[in-house]
Amino acid sequence: MAAGGDTDRNQALTCALCLDIYTSPKLLPCHHTFCQHCLEDLADSHRNNNFPCPSCRKETAVPPGGVSDFQTNFYISTEDLERARKGVLCMTHPKDDLDLFCVDCDLPVCLKCVMTKHKTHKTQDLHEAAGRAMNQLYKDRERLQSCVGDVQKHVQLVTQEQQAVKDKHAALVANIRNRQATLKAAVDKYTDDALASLHNITTDITDTHKADLHCLQQNLQQLTKLQQRVQQAVDSGAGCELVTVAREMRCGRGSEEAVQKLTTKQMTTVCRPVLRFSATLDVTLERMRDYMGSAAKMEMAVSAPEVTVMEQFRCQEAPDTDVYHVCPMTDGDVWVSYEPNMMSEGATSERFSTDGKVVDTDEVDVRAIITSVPRKNGFSMYSEPETGMIFTYAKRTEPQLTRFFRLYNGLTGQATVSTVKIVSEDPFEYVDADEFLVKCTAHHAFDVDASEQLFVVLEEAQAPDLQRTVRLYRRPKRGAIATYSPPVAPFQPSDVCFYTLGGHEVLLVADELNDAIHVVNVQDRRLSFARYLARGCPLLVQPTALNTDTRGRLWVACRGGTILTCTPIS
């Protein structure tokens, strides 16, 4: 608004161009006043150093020294401008102080305003209203601080997820390259296809992360600005500003509803690229594409980490190394078997120290493995289901290690589960202590819970296109009382193991197809999926064997020969 000739114009403190309180008010020859920076912008937009006055359109020449050489409007005092910026002066009556508060309009007003536009409204002292506003703003400041903290945590989580996906992407690229090495030149085309699909899946996930981060950062910026505005109002102590900001916090952009919209962007699931592939090693040319695999998006619910995962060592450098058994010993060493049947002729097993160095042994002593194993996978004899070979499993249940469980199936449709006692140094000289029959097909692995009443059996697929099945049995009943239904398909379980997490015994199911270990609750005659262990860990690639040691650690063998340990977080 102009300032100059008449009284009303002299009293105006607002620039007609920027509609804000004057900053360095300059008086034009036509007696209209504008901010210096507004006139500079206006002059820059016109040529020949001439521009029309925004109020009267009179042509005005820019002084040789620039806009700053226009006369300063000394009728507008610096004190009045400062008071106007602090909200002390009434914008309708610029010479009057704002010392009242209109309850109906939720605005600070002067006495003249009360006598005119607010004559019938309820008013009160501005200081009293400012006191209430101050108390409310203290609460709003704490609320905003909490919201800012929540959004910052989500930003950190999404950033961590971005890095985890990159790490998993790198692990899967290495896995794909290893598969390429086994198939050599014949799989070049399928390698490119698999890498392309992996890239697309990863890009899709990271693009989602970028979009989420952008949204979260915008929300964080808005919340931070609101927080700063509240803090400035509290620091200034100006009544008008306090009630104005309080109104914004109550029913404007700082309201609970508005802030809630800014804080509702939270992660409920995370995605990982996984490699879908054919689990068989007998790869034909027709199955090359399946063996090379294709990337897929694996979605997992967000949960707090339960274990710390560490890589202990790599068994062999060959990319197609399969580990069927990992047996931690009571003396600290670890036995690793590369054959389903550890006792078959030509079966290869190695003994490692915990730092990955091979311990020289003259021959594999099965009795040494059995008597040293702390909990599971003592030894097994197993061949292709067509042969009906015996599968034997050893479990420590006493400090002296004198009791074992044995599961035998001759492809008769039922298996014998026996509790046996060792009667000599030879573990094959035993007496039956207890046994019962279960209706069980050819099996790949099984485990027994701490009560020795529940058995989980990983049964082999009965047709080439079917998957293995995890079933729960309770002694002495013959039939399965529950079958595990995984939350993801396809699903390729490779081992099962009872394990204690957070003081509760759960069942772990290794899923080599989805790079995951399923945590399964065993209760009320049910096997129900609970969550994934070490969800999305880049080290966890195609787990093939599980075991535990006396320290409560979980040992995991992965395809390719990587041996991991998972230590519970206390």
# chains A, B, ... in the order shown; residues from 1 in each chain; ligands from 1

call {"tool": "select_by_dssp", "arguments": {"residues": "range 528-557 of chain A", "states": "strand (DSSP E)", "output": "list in words"}}
result
Ser528, Phe529, Ala530, Arg531, Tyr532, Leu533, Pro543, Thr544, Ala545, Leu546, Asn547, Thr548, Leu554, Trp555, Val556 and Ala557 of chain A

call {"tool": "write_last_selection", "arguments": {"atoms": "N, CA, C and O atoms", "output": "PDB file, in the first residue's frame"}}
result
ATOM      1  N   SER A 528       2.684 -72.887  12.719  1.00  0.00           N
ATOM      2  CA  SER A 528       2.286 -71.593  12.152  1.00  0.00           C
ATOM      3  C   SER A 528       3.502 -70.695  11.972  1.00  0.00           C
ATOM      4  O   SER A 528       4.332 -70.555  12.875  1.00  0.00           O
ATOM      5  N   PHE A 529       3.591 -70.093  10.796  1.00  0.00           N
ATOM      6  CA  PHE A 529       4.699 -69.181  10.505  1.00  0.00           C
ATOM      7  C   PHE A 529       4.628 -67.963  11.424  1.00  0.00           C
ATOM      8  O   PHE A 529       3.565 -67.360  11.608  1.00  0.00           O
ATOM      9  N   ALA A 530       5.774 -67.591  12.009  1.00  0.00           N
ATOM     10  CA  ALA A 530       5.829 -66.429  12.887  1.00  0.00           C
ATOM     11  C   ALA A 530       6.562 -65.261  12.229  1.00  0.00           C
ATOM     12  O   ALA A 530       6.064 -64.130  12.201  1.00  0.00           O
ATOM     13  N   ARG A 531       7.746 -65.532  11.671  1.00  0.00           N
ATOM     14  CA  ARG A 531       8.568 -64.467  11.090  1.00  0.00           C
ATOM     15  C   ARG A 531       9.768 -65.132  10.414  1.00  0.00           C
ATOM     16  O   ARG A 531       9.882 -66.352  10.406  1.00  0.00           O
ATOM     17  N   TYR A 532      10.640 -64.308   9.859  1.00  0.00           N
ATOM     18  CA  TYR A 532      11.885 -64.802   9.281  1.00  0.00           C
ATOM     19  C   TYR A 532      13.039 -64.486  10.225  1.00  0.00           C
ATOM     20  O   TYR A 532      13.105 -63.386  10.791  1.00  0.00           O
ATOM     21  N   LEU A 533      13.929 -65.445  10.396  1.00  0.00           N
ATOM     22  CA  LEU A 533      15.114 -65.219  11.209  1.00  0.00           C
ATOM     23  C   LEU A 533      16.157 -64.505  10.364  1.00  0.00           C
ATOM     24  O   LEU A 533      16.394 -64.883   9.217  1.00  0.00           O
ATOM     25  N   PRO A 543      20.390 -71.426   2.315  1.00  0.00           N
ATOM     26  CA  PRO A 543      20.779 -72.281   3.446  1.00  0.00           C
ATOM     27  C   PRO A 543      20.410 -73.731   3.189  1.00  0.00           C
ATOM     28  O   PRO A 543      19.308 -74.028   2.718  1.00  0.00           O
ATOM     29  N   THR A 544      21.340 -74.637   3.508  1.00  0.00           N
ATOM     30  CA  THR A 544      21.114 -76.057   3.237  1.00  0.00           C
ATOM     31  C   THR A 544      21.132 -76.920   4.490  1.00  0.00           C
ATOM     32  O   THR A 544      20.631 -78.050   4.459  1.00  0.00           O
ATOM     33  N   ALA A 545      21.726 -76.452   5.592  1.00  0.00           N
ATOM     34  CA  ALA A 545      21.810 -77.281   6.801  1.00  0.00           C
ATOM     35  C   ALA A 545      21.804 -76.385   8.035  1.00  0.00           C
ATOM     36  O   ALA A 545      22.342 -75.273   8.014  1.00  0.00           O
ATOM     37  N   LEU A 546      21.175 -76.895   9.119  1.00  0.00           N
ATOM     38  CA  LEU A 546      21.085 -76.178  10.386  1.00  0.00           C
ATOM     39  C   LEU A 546      21.591 -77.069  11.513  1.00  0.00           C
ATOM     40  O   LEU A 546      21.452 -78.296  11.460  1.00  0.00           O
ATOM     41  N   ASN A 547      22.137 -76.434  12.548  1.00  0.00           N
ATOM     42  CA  ASN A 547      22.559 -77.169  13.735  1.00  0.00           C
ATOM     43  C   ASN A 547      22.773 -76.168  14.866  1.00  0.00           C
ATOM     44  O   ASN A 547      22.822 -74.957  14.625  1.00  0.00           O
ATOM     45  N   THR A 548      22.904 -76.663  16.094  1.00  0.00           N
ATOM     46  CA  THR A 548      23.162 -75.798  17.242  1.00  0.00           C
ATOM     47  C   THR A 548      24.361 -76.326  18.015  1.00  0.00           C
ATOM     48  O   THR A 548      24.755 -77.485  17.879  1.00  0.00           O
ATOM     49  N   LEU A 554      23.338 -70.853  16.577  1.00  0.00           N
ATOM     50  CA  LEU A 554      22.812 -71.611  15.444  1.00  0.00           C
ATOM     51  C   LEU A 554      23.860 -71.603  14.343  1.00  0.00           C
ATOM     52  O   LEU A 554      24.367 -70.550  13.958  1.00  0.00           O
ATOM     53  N   TRP A 555      24.176 -72.786  13.832  1.00  0.00           N
ATOM     54  CA  TRP A 555      25.115 -72.918  12.722  1.00  0.00           C
ATOM     55  C   TRP A 555      24.320 -73.153  11.450  1.00  0.00           C
ATOM     56  O   TRP A 555      23.395 -73.962  11.422  1.00  0.00           O
ATOM     57  N   VAL A 556      24.685 -72.423  10.409  1.00  0.00           N
ATOM     58  CA  VAL A 556      23.969 -72.495   9.137  1.00  0.00           C
ATOM     59  C   VAL A 556      24.981 -72.732   8.020  1.00  0.00           C
ATOM     60  O   VAL A 556      25.963 -71.998   7.890  1.00  0.00           O
ATOM     61  N   ALA A 557      24.742 -73.771   7.239  1.00  0.00           N
ATOM     62  CA  ALA A 557      25.544 -74.009   6.047  1.00  0.00           C
ATOM     63  C   ALA A 557      24.771 -73.522   4.836  1.00  0.00           C
ATOM     64  O   ALA A 557      23.561 -73.753   4.722  1.00  0.00           O
TER      65      ALA A 557
END

call {"tool": "residues_around", "arguments": {"residues": "range 43-53 of chain A", "least_positions_apart": "2", "cutoff": "10 Å", "atoms": "only C-alpha atoms", "output": "VMD selection string"}}
result
chain A and resid 28 to 34 37 to 41 55 to 64 66 to 67

call {"tool": "select_by_dssp", "arguments": {"residues": "range 65-308 of chain A", "states": "helix (DSSP H, G or I)", "output": "PyMOL selection string"}}
result
chain A and resi 67-69+78-85+111-115+126-236+239-251+256-263+285-292

call {"tool": "residues_around", "arguments": {"residues": "range 234-242 of chain A", "least_positions_apart": "6", "cutoff": "10 Å", "atoms": "only C-alpha atoms", "output": "list in words"}}
result
Arg85, Lys86, Gly87, Val88, Leu89, Leu98, Asp99, Leu100, Phe101, Leu107, Pro108, Val109, Leu126, His127, Glu128, Ala129, Ala130, Gly131, Arg132, Ala133, Met134, Asn135, Gln136, Leu137, Tyr138, Arg141, Gln228 and Glu248 of chain A

call {"tool": "closest_residue", "arguments": {"among": "A:Glu256, A:Asp192, A:Asp125, A:Asp167", "to": "Asp140 in chain A", "atoms": "only C-alpha atoms"}}
result
A:Glu256

call {"tool": "residues_around", "arguments": {"residues": "Asn219 in chain A", "least_positions_apart": "6", "cutoff": "8 Å", "atoms": "only C-alpha atoms", "output": "ChimeraX atom specification"}}
result
/A:151,262-263

call {"tool": "atom_distance", "arguments": {"atom1": "CA of Gln152 in chain A", "atom2": "CA of Gln217 in chain A"}}
result
8.6 Å

call {"tool": "atom_distance", "arguments": {"atom1": "CA of Gln492 in chain A", "atom2": "CA of Ile517 in chain A"}}
result
10.9 Å

call {"tool": "residues_around", "arguments": {"residues": "Thr562 in chain A", "least_positions_apart": "4", "cutoff": "7 Å", "atoms": "only C-alpha atoms", "output": "PyMOL selection string"}}
result
chain A and resi 313-315+557-558

call {"tool": "residues_around", "arguments": {"residues": "Ala415 in chain A", "least_positions_apart": "2", "cutoff": "8 Å", "atoms": "only C-alpha atoms", "output": "PyMOL selection string"}}
result
chain A and resi 407-410+412-413+417+437-441

call {"tool": "closest_residue", "arguments": {"among": "A:Arg535, A:Lys357, A:Arg289, A:Arg551", "to": "Lys189 in chain A", "atoms": "only C-alpha atoms"}}
result
A:Arg289

call {"tool": "atom_distance", "arguments": {"atom1": "CA of Gln266 in chain A", "atom2": "CA of Leu213 in chain A"}}
result
10.7 Å

call {"tool": "closest_residue", "arguments": {"among": "A:Val158, A:Val457, A:Ala194, A:Ile201", "to": "Leu472 in chain A", "atoms": "only C-alpha atoms"}}
result
A:Val457
